[in-house]
Amino acid sequence: MSWTDYHAKLAACELTQRFPIDSENRLAHVLVDAQVDLNPHQVDAALFTLNTPFNKGSILADEVGLGKTIEAGIIISQKWAERKRKILIILPANLRKQ
């Protein structure tokens, strides 16, 4: 079965009802299968990005080695779970394989 816009909106609505946008449980189903060691600041950054009211996009920027790739993965996984498939990632060429 292929997804129509109706199916995508219905699935997003059901996800939102199960995991309200302001709920920390919103990320629970995404993080259950995570195969990386998460640090609290990475989850906090992802939650902040996902809970920003006028979120048309996000920029993850901090010191080198603090886990921006992991934060981006959390955010992308959540957006994908909500059937939001238009995701643009801009990064330096040397990070493409990550």
# chains A, B, ... in the order shown; residues from 1 in each chain; ligands from 1

$ residues_around --residues "segment 62-65 of chain A" --least-positions-apart "6" --cutoff "12 Å" --atoms "only C-alpha atoms" --output "ChimeraX atom specification"
/A:41-42,45,71

$ write_last_selection --atoms "all heavy atoms" --output "mmCIF file, in the first residue's frame"
data_model
loop_
_atom_site.group_PDB
_atom_site.id
_atom_site.type_symbol
_atom_site.label_atom_id
_atom_site.label_comp_id
_atom_site.auth_asym_id
_atom_site.auth_seq_id
_atom_site.Cartn_x
_atom_site.Cartn_y
_atom_site.Cartn_z
ATOM 1 N N HIS A 41 22.794 15.934 27.265
ATOM 2 C CA HIS A 41 22.771 17.199 26.524
ATOM 3 C C HIS A 41 22.346 16.991 25.070
ATOM 4 O O HIS A 41 21.770 17.885 24.457
ATOM 5 C CB HIS A 41 24.138 17.900 26.590
ATOM 6 C CG HIS A 41 25.209 17.249 25.770
ATOM 7 N ND1 HIS A 41 25.990 16.245 26.267
ATOM 8 C CD2 HIS A 41 25.601 17.464 24.488
ATOM 9 C CE1 HIS A 41 26.849 15.862 25.327
ATOM 10 N NE2 HIS A 41 26.632 16.581 24.233
ATOM 11 N N GLN A 42 22.569 15.790 24.517
ATOM 12 C CA GLN A 42 22.146 15.513 23.148
ATOM 13 C C GLN A 42 20.629 15.378 23.068
ATOM 14 O O GLN A 42 19.993 15.910 22.155
ATOM 15 C CB GLN A 42 22.822 14.242 22.635
ATOM 16 C CG GLN A 42 24.318 14.388 22.486
ATOM 17 C CD GLN A 42 25.028 13.066 22.337
ATOM 18 O OE1 GLN A 42 24.594 12.043 22.847
ATOM 19 N NE2 GLN A 42 26.166 13.099 21.649
ATOM 20 N N ALA A 45 19.136 18.869 23.511
ATOM 21 C CA ALA A 45 19.239 19.670 22.288
ATOM 22 C C ALA A 45 18.188 19.242 21.274
ATOM 23 O O ALA A 45 17.548 20.082 20.623
ATOM 24 C CB ALA A 45 20.639 19.550 21.686
ATOM 25 N N GLU A 71 22.647 14.224 17.621
ATOM 26 C CA GLU A 71 21.485 15.102 17.786
ATOM 27 C C GLU A 71 20.684 15.176 16.487
ATOM 28 O O GLU A 71 19.460 15.081 16.500
ATOM 29 C CB GLU A 71 21.926 16.496 18.208
ATOM 30 C CG GLU A 71 22.550 16.548 19.584
ATOM 31 C CD GLU A 71 23.281 17.850 19.868
ATOM 32 O OE1 GLU A 71 23.212 18.785 19.040
ATOM 33 O OE2 GLU A 71 23.933 17.937 20.923
#

$ closest_residue --among "A:Ala81, A:Ala61, A:Leu88, A:Val36" --to "Thr49 of chain A" --atoms "only C-alpha atoms"
A:Ala61
